[in-house]
Amino acid sequence: MPLFFLPNAEPEEGTLTLRAEDSHHIALSLRMACGDEITVSNGLGTLFSCTLESITPEQVRARVLSMAKSEAEPPYRLTLYQAVPKSDKLELIIQKAVELGATEIVPFVSSFCVKRPHEDKWQKQSARLARIAEEAAKQCKRGLIPAVAPLLDYEEMLERASAAELPLFCYEGEGTEPLPACLPPAPPRSVSVVIGSEGGFSEKEAEAARARGMRLCGLGKRILRCETAPLFALSALSFQYEI
């Protein structure tokens, strides 16, 4: 059953009017008919099961049959802090992080980042990254659209990431704990996962994270690529608290 997002949706007389772009997609791409069923999310974790009542490329109205809380959200708020990688790797990371339960993806710049986006170009890229997050949320039936935050510098990132109940700083250097040892038996209310770019983090950056109260954790004996490490860490969290 296709899923569509309608932010802050509230039925009027038992119906919902979908966004123009979704109406166009339903009418012309999916070629759906009246009576077909869809799911509509309000972007806040509530799902509406609906049947299509009227269809035009400009406007689709759907009759609400029932509503329920999404079961696709993890039992914690998960924020991925990702140092900006080269090429289009960030697009892949965002797509997969959404599938693995991230609530928010926060790009940041660290000392080993090869790619340092210009502000004007980043604003254009941000719109594309937000679309990627929304499409991934639709595909995996999320109850909300994970946000892609504005670009932060390293100190801004540390200030935000260290505020989580479980702040994890993934590091390949000395003085780390194994990831399993960092995970409490019960799910925390909030988790931050900090991942470096291709070059990882400098010792100075790692010590700054430790000084902020973050837990320096290792992801095993193999060095993972910057696009593999976040997926490994998020999968481990899902295995620990969701499966």
# chains A, B, ... in the order shown; residues from 1 in each chain; ligands from 1
$ residues_around --residues "stretch 42-45 of chain A" --least-positions-apart "2" --cutoff "9 Å" --atoms "only C-alpha atoms" --output "list of chain:residue names"
A:Phe4, A:Phe5, A:Leu6, A:Pro7, A:Asn8, A:Ala9, A:Glu10, A:Val40, A:Leu47, A:Phe48, A:Ala68, A:Lys69, A:Ser70, A:Glu71, A:Ala72, A:Glu73, A:Arg142, A:Gly143, A:Leu144, A:Ile145
$ write_last_selection --atoms "N, CA and C atoms" --output "PDB file, in the first residue's frame"
ATOM      1  N   PHE A   4       2.058   8.120   1.712  1.00  0.00           N
ATOM      2  CA  PHE A   4       2.265   9.522   1.361  1.00  0.00           C
ATOM      3  C   PHE A   4       2.296  10.340   2.650  1.00  0.00           C
ATOM      4  N   PHE A   5       3.103  11.398   2.628  1.00  0.00           N
ATOM      5  CA  PHE A   5       3.196  12.280   3.790  1.00  0.00           C
ATOM      6  C   PHE A   5       2.352  13.527   3.563  1.00  0.00           C
ATOM      7  N   LEU A   6       1.611  13.883   4.603  1.00  0.00           N
ATOM      8  CA  LEU A   6       0.828  15.113   4.610  1.00  0.00           C
ATOM      9  C   LEU A   6       1.067  15.763   5.961  1.00  0.00           C
ATOM     10  N   PRO A   7       2.086  16.630   6.048  1.00  0.00           N
ATOM     11  CA  PRO A   7       2.492  17.180   7.347  1.00  0.00           C
ATOM     12  C   PRO A   7       1.332  17.778   8.124  1.00  0.00           C
ATOM     13  N   ASN A   8       1.248  17.376   9.406  1.00  0.00           N
ATOM     14  CA  ASN A   8       0.217  17.868  10.329  1.00  0.00           C
ATOM     15  C   ASN A   8      -1.199  17.595   9.823  1.00  0.00           C
ATOM     16  N   ALA A   9      -1.383  16.498   9.122  1.00  0.00           N
ATOM     17  CA  ALA A   9      -2.683  16.178   8.535  1.00  0.00           C
ATOM     18  C   ALA A   9      -3.760  16.028   9.606  1.00  0.00           C
ATOM     19  N   GLU A  10      -4.898  16.643   9.349  1.00  0.00           N
ATOM     20  CA  GLU A  10      -6.084  16.489  10.191  1.00  0.00           C
ATOM     21  C   GLU A  10      -7.282  16.306   9.271  1.00  0.00           C
ATOM     22  N   VAL A  40      -1.599   7.446   4.640  1.00  0.00           N
ATOM     23  CA  VAL A  40      -1.148   8.831   4.746  1.00  0.00           C
ATOM     24  C   VAL A  40      -0.575   9.041   6.146  1.00  0.00           C
ATOM     25  N   LEU A  47      -0.541   7.316  11.373  1.00  0.00           N
ATOM     26  CA  LEU A  47      -0.843   6.833  10.031  1.00  0.00           C
ATOM     27  C   LEU A  47      -2.347   6.726   9.839  1.00  0.00           C
ATOM     28  N   PHE A  48      -2.828   7.186   8.676  1.00  0.00           N
ATOM     29  CA  PHE A  48      -4.232   7.085   8.316  1.00  0.00           C
ATOM     30  C   PHE A  48      -4.375   6.086   7.174  1.00  0.00           C
ATOM     31  N   ALA A  68      -3.780   4.953  13.211  1.00  0.00           N
ATOM     32  CA  ALA A  68      -2.985   4.198  14.176  1.00  0.00           C
ATOM     33  C   ALA A  68      -1.612   4.828  14.305  1.00  0.00           C
ATOM     34  N   LYS A  69      -0.957   4.539  15.390  1.00  0.00           N
ATOM     35  CA  LYS A  69       0.405   5.019  15.594  1.00  0.00           C
ATOM     36  C   LYS A  69       1.361   4.165  14.764  1.00  0.00           C
ATOM     37  N   SER A  70       2.340   4.809  14.156  1.00  0.00           N
ATOM     38  CA  SER A  70       3.327   4.072  13.362  1.00  0.00           C
ATOM     39  C   SER A  70       4.139   3.143  14.258  1.00  0.00           C
ATOM     40  N   GLU A  71       4.363   1.933  13.774  1.00  0.00           N
ATOM     41  CA  GLU A  71       5.192   0.966  14.490  1.00  0.00           C
ATOM     42  C   GLU A  71       6.600   0.904  13.915  1.00  0.00           C
ATOM     43  N   ALA A  72       6.905   1.785  12.967  1.00  0.00           N
ATOM     44  CA  ALA A  72       8.201   1.743  12.286  1.00  0.00           C
ATOM     45  C   ALA A  72       9.258   2.611  12.963  1.00  0.00           C
ATOM     46  N   GLU A  73       8.890   3.351  14.011  1.00  0.00           N
ATOM     47  CA  GLU A  73       9.859   4.235  14.656  1.00  0.00           C
ATOM     48  C   GLU A  73      10.579   3.526  15.793  1.00  0.00           C
ATOM     49  N   ARG A 142       8.111   4.814   7.090  1.00  0.00           N
ATOM     50  CA  ARG A 142       8.328   5.532   8.343  1.00  0.00           C
ATOM     51  C   ARG A 142       7.092   6.335   8.715  1.00  0.00           C
ATOM     52  N   GLY A 143       6.980   6.648   9.997  1.00  0.00           N
ATOM     53  CA  GLY A 143       5.872   7.479  10.451  1.00  0.00           C
ATOM     54  C   GLY A 143       6.196   8.951  10.430  1.00  0.00           C
ATOM     55  N   LEU A 144       7.446   9.294  10.157  1.00  0.00           N
ATOM     56  CA  LEU A 144       7.858  10.699  10.071  1.00  0.00           C
ATOM     57  C   LEU A 144       8.934  10.837   9.009  1.00  0.00           C
ATOM     58  N   ILE A 145       9.158  12.063   8.593  1.00  0.00           N
ATOM     59  CA  ILE A 145      10.228  12.341   7.636  1.00  0.00           C
ATOM     60  C   ILE A 145      11.445  12.829   8.419  1.00  0.00           C
TER      61      ILE A 145
END
$ residues_around --residues "A:Leu152" --least-positions-apart "4" --cutoff "8 Å" --atoms "only C-alpha atoms" --output "VMD selection string"
chain A and resid 106 to 109 156 to 157
$ write_last_selection --atoms "N, CA and C atoms" --output "compact mmCIF listing (two decimals), in the first residue's frame"
# COMPACT_ATOMS: atom_id res chain seq x y z
N VAL A 106 22.60 15.11 10.63
CA VAL A 106 23.24 16.42 10.78
C VAL A 106 24.63 16.38 10.13
N PRO A 107 24.82 17.00 8.97
CA PRO A 107 26.15 17.06 8.37
C PRO A 107 27.01 18.10 9.10
N PHE A 108 28.31 17.84 9.16
CA PHE A 108 29.21 18.80 9.79
C PHE A 108 30.57 18.73 9.11
N VAL A 109 31.40 19.71 9.39
CA VAL A 109 32.75 19.78 8.82
C VAL A 109 33.77 19.53 9.92
N GLU A 156 30.06 23.30 16.96
CA GLU A 156 28.59 23.28 17.02
C GLU A 156 28.07 21.86 17.08
N MET A 157 28.68 20.99 16.29
CA MET A 157 28.28 19.59 16.29
C MET A 157 28.48 18.97 17.66
$ select_by_dssp --residues "stretch 77-223 of chain A" --states "alpha helix (DSSP H)" --output "PyMOL selection string"
chain A and resi 89-99+119-139+154-161+179-182+203-211
$ write_last_selection --atoms "C-alpha atoms" --output "PDB file, in the first residue's frame"
ATOM      1  CA  LYS A  89      28.342   9.496  -0.554  1.00  0.00           C
ATOM      2  CA  LEU A  90      26.213  11.661   1.749  1.00  0.00           C
ATOM      3  CA  GLU A  91      23.150  10.890  -0.383  1.00  0.00           C
ATOM      4  CA  LEU A  92      23.615   7.173   0.171  1.00  0.00           C
ATOM      5  CA  ILE A  93      24.261   7.668   3.886  1.00  0.00           C
ATOM      6  CA  ILE A  94      21.073   9.699   4.306  1.00  0.00           C
ATOM      7  CA  GLN A  95      18.964   7.188   2.393  1.00  0.00           C
ATOM      8  CA  LYS A  96      20.184   4.233   4.425  1.00  0.00           C
ATOM      9  CA  ALA A  97      20.179   6.085   7.755  1.00  0.00           C
ATOM     10  CA  VAL A  98      16.481   6.851   7.239  1.00  0.00           C
ATOM     11  CA  GLU A  99      15.831   3.162   6.576  1.00  0.00           C
ATOM     12  CA  GLU A 119      27.244  28.020   1.569  1.00  0.00           C
ATOM     13  CA  ASP A 120      25.372  28.870  -1.649  1.00  0.00           C
ATOM     14  CA  LYS A 121      25.986  25.444  -3.183  1.00  0.00           C
ATOM     15  CA  TRP A 122      25.113  23.731   0.084  1.00  0.00           C
ATOM     16  CA  GLN A 123      21.711  25.410   0.207  1.00  0.00           C
ATOM     17  CA  LYS A 124      20.888  23.959  -3.205  1.00  0.00           C
ATOM     18  CA  GLN A 125      22.181  20.544  -2.185  1.00  0.00           C
ATOM     19  CA  SER A 126      20.174  20.643   1.050  1.00  0.00           C
ATOM     20  CA  ALA A 127      16.887  20.623  -0.861  1.00  0.00           C
ATOM     21  CA  ARG A 128      17.972  17.501  -2.741  1.00  0.00           C
ATOM     22  CA  LEU A 129      19.090  15.790   0.476  1.00  0.00           C
ATOM     23  CA  ALA A 130      15.707  16.536   2.077  1.00  0.00           C
ATOM     24  CA  ARG A 131      13.943  14.950  -0.907  1.00  0.00           C
ATOM     25  CA  ILE A 132      16.139  11.868  -0.593  1.00  0.00           C
ATOM     26  CA  ALA A 133      15.184  11.569   3.082  1.00  0.00           C
ATOM     27  CA  GLU A 134      11.480  11.879   2.268  1.00  0.00           C
ATOM     28  CA  GLU A 135      11.606   9.302  -0.523  1.00  0.00           C
ATOM     29  CA  ALA A 136      13.463   6.880   1.749  1.00  0.00           C
ATOM     30  CA  ALA A 137      10.877   7.442   4.494  1.00  0.00           C
ATOM     31  CA  LYS A 138       8.081   6.631   2.036  1.00  0.00           C
ATOM     32  CA  GLN A 139       9.839   3.501   0.819  1.00  0.00           C
ATOM     33  CA  TYR A 154      32.870  20.910  14.540  1.00  0.00           C
ATOM     34  CA  GLU A 155      32.277  22.777  17.796  1.00  0.00           C
ATOM     35  CA  GLU A 156      28.586  23.283  17.023  1.00  0.00           C
ATOM     36  CA  MET A 157      28.276  19.589  16.293  1.00  0.00           C
ATOM     37  CA  LEU A 158      29.920  18.588  19.579  1.00  0.00           C
ATOM     38  CA  GLU A 159      27.661  20.894  21.566  1.00  0.00           C
ATOM     39  CA  ARG A 160      24.539  19.324  20.064  1.00  0.00           C
ATOM     40  CA  ALA A 161      25.704  15.700  19.932  1.00  0.00           C
ATOM     41  CA  LEU A 179      30.388  -0.488  20.774  1.00  0.00           C
ATOM     42  CA  PRO A 180      28.486  -3.278  22.616  1.00  0.00           C
ATOM     43  CA  ALA A 181      30.006  -2.134  25.912  1.00  0.00           C
ATOM     44  CA  CYS A 182      28.586   1.367  25.318  1.00  0.00           C
ATOM     45  CA  GLU A 203      43.441  13.007  18.145  1.00  0.00           C
ATOM     46  CA  LYS A 204      42.614  16.590  19.118  1.00  0.00           C
ATOM     47  CA  GLU A 205      39.047  16.219  17.856  1.00  0.00           C
ATOM     48  CA  ALA A 206      38.617  12.916  19.676  1.00  0.00           C
ATOM     49  CA  GLU A 207      39.868  14.409  22.924  1.00  0.00           C
ATOM     50  CA  ALA A 208      37.505  17.358  22.524  1.00  0.00           C
ATOM     51  CA  ALA A 209      34.638  14.871  22.183  1.00  0.00           C
ATOM     52  CA  ARG A 210      35.768  12.982  25.278  1.00  0.00           C
ATOM     53  CA  ALA A 211      35.981  16.254  27.223  1.00  0.00           C
TER      54      ALA A 211
END
$ residues_around --residues "A:Ser23" --least-positions-apart "2" --cutoff "8 Å" --atoms "only C-alpha atoms" --output "PyMOL selection string"
chain A and resi 18-21+25-27+55-60
$ closest_residue --among "A:Ser190, A:Ser66, A:Ser202, A:Gln240" --to "A:Thr39" --atoms "only C-alpha atoms"
A:Ser66
$ residues_around --residues "A:Ser110" --least-positions-apart "4" --cutoff "9 Å" --atoms "only C-alpha atoms" --output "list in words"
Ala83, Val84, Asp153, Tyr154, Gly196, Ser197, Gly200, Phe201, Ser202 and Glu205 of chain A
$ closest_residue --among "A:Lys141, A:Arg222, A:Lys86, A:Arg31" --to "A:Val114" --atoms "only C-alpha atoms"
A:Lys86
$ residues_around --residues "A:Ser235" --least-positions-apart "4" --cutoff "9 Å" --atoms "only C-alpha atoms" --output "list in words"
Leu100, Gly101, Pro230, Leu231, Phe239 and Gln240 of chain A
$ write_last_selection --atoms "N, CA and C atoms" --output "short mmCIF file (atom, residue, chain, number, x, y, z; two decimals), in the first residue's frame"
data_model
loop_
_atom_site.label_atom_id
_atom_site.label_comp_id
_atom_site.auth_asym_id
_atom_site.auth_seq_id
_atom_site.Cartn_x
_atom_site.Cartn_y
_atom_site.Cartn_z
N LEU A 100 17.27 2.90 8.52
CA LEU A 100 17.72 2.28 9.77
C LEU A 100 17.22 3.00 11.01
N GLY A 101 16.34 4.00 10.85
CA GLY A 101 15.68 4.58 12.00
C GLY A 101 16.14 5.94 12.47
N PRO A 230 28.46 4.52 9.47
CA PRO A 230 27.18 4.89 10.08
C PRO A 230 26.14 3.78 9.96
N LEU A 231 26.16 3.04 8.86
CA LEU A 231 25.19 1.97 8.67
C LEU A 231 25.47 0.82 9.63
N PHE A 239 19.60 -3.70 16.19
CA PHE A 239 19.67 -5.07 16.66
C PHE A 239 19.52 -5.13 18.19
N GLN A 240 20.15 -4.17 18.88
CA GLN A 240 20.12 -4.17 20.34
C GLN A 240 18.75 -3.83 20.90
#
$ select_by_dssp --residues "stretch 44-230 of chain A" --states "strand (DSSP E or B)" --output "MDAnalysis selection string"
chainID A and resid 46:55 60:69 77:83 104:108 147:148 152 166:170 177:178 190:195 197 200 215:218
$ write_last_selection --atoms "C-alpha atoms" --output "CSV table (one decimal), in the first residue's frame"
chain,number,residue,atom,x,y,z
A,46,THR,CA,0.3,8.9,13.0
A,47,LEU,CA,-0.8,6.8,10.0
A,48,PHE,CA,-4.2,7.1,8.3
A,49,SER,CA,-5.5,4.1,6.3
A,50,CYS,CA,-7.6,5.6,3.4
A,51,THR,CA,-9.4,4.8,0.2
A,52,LEU,CA,-9.2,7.2,-2.7
A,53,GLU,CA,-12.4,9.1,-3.2
A,54,SER,CA,-11.7,11.5,-6.0
A,55,ILE,CA,-8.7,11.8,-8.3
A,60,VAL,CA,-6.6,13.8,-4.7
A,61,ARG,CA,-9.0,13.4,-1.8
A,62,ALA,CA,-9.0,10.3,0.3
A,63,ARG,CA,-11.6,8.9,2.8
A,64,VAL,CA,-10.0,8.0,6.2
A,65,LEU,CA,-10.9,4.5,7.3
A,66,SER,CA,-8.8,4.2,10.4
A,67,MET,CA,-5.8,5.7,12.2
A,68,ALA,CA,-3.0,4.2,14.2
A,69,LYS,CA,0.4,5.0,15.6
A,77,ARG,CA,15.4,9.5,19.1
A,78,LEU,CA,18.4,8.8,17.0
A,79,THR,CA,20.5,11.6,15.4
A,80,LEU,CA,23.3,10.8,13.0
A,81,TYR,CA,26.1,13.4,12.9
A,82,GLN,CA,28.0,12.8,9.7
A,83,ALA,CA,31.2,14.6,8.6
A,104,GLU,CA,17.7,13.4,12.0
A,105,ILE,CA,20.9,13.6,10.0
A,106,VAL,CA,23.2,16.4,10.8
A,107,PRO,CA,26.1,17.1,8.4
A,108,PHE,CA,29.2,18.8,9.8
A,147,ALA,CA,15.1,16.0,9.0
A,148,VAL,CA,18.4,16.9,7.3
A,152,LEU,CA,27.5,22.7,11.3
A,166,LEU,CA,23.7,8.3,24.9
A,167,PRO,CA,26.4,10.2,23.0
A,168,LEU,CA,28.5,7.9,20.8
A,169,PHE,CA,31.7,9.1,19.1
A,170,CYS,CA,32.9,6.5,16.6
A,177,GLU,CA,35.4,1.1,24.2
A,178,PRO,CA,33.8,-1.6,22.0
A,190,SER,CA,18.0,9.8,22.8
A,191,VAL,CA,21.2,8.7,21.0
A,192,SER,CA,23.7,10.6,18.9
A,193,VAL,CA,26.1,8.8,16.6
A,194,VAL,CA,29.1,10.8,15.3
A,195,ILE,CA,30.9,9.5,12.3
A,197,SER,CA,34.7,11.6,6.9
A,200,GLY,CA,38.3,9.9,10.4
A,215,ARG,CA,31.7,7.9,24.7
A,216,LEU,CA,34.5,7.1,22.3
A,217,CYS,CA,33.6,3.7,20.8
A,218,GLY,CA,35.2,1.4,18.3
$ atom_distance --atom1 "atom CA of A:Tyr76" --atom2 "atom CA of A:Ser162"
15.6 Å
$ atom_distance --atom1 "atom CA of A:Pro188" --atom2 "atom CA of A:Pro75"
8.1 Å
$ closest_residue --among "A:Ala229, A:Ala102, A:Cys140, A:Leu183" --to "A:Glu165" --atoms "only C-alpha atoms"
A:Leu183
$ residues_around --residues "A:Met1" --least-positions-apart "2" --cutoff "7 Å" --atoms "only C-alpha atoms" --output "list in words"
Leu3, Glu37, Ile38 and Thr39 of chain A
$ closest_residue --among "A:Ala164, A:Gly213, A:Tyr171, A:His24" --to "A:Ala233" --atoms "only C-alpha atoms"
A:Tyr171
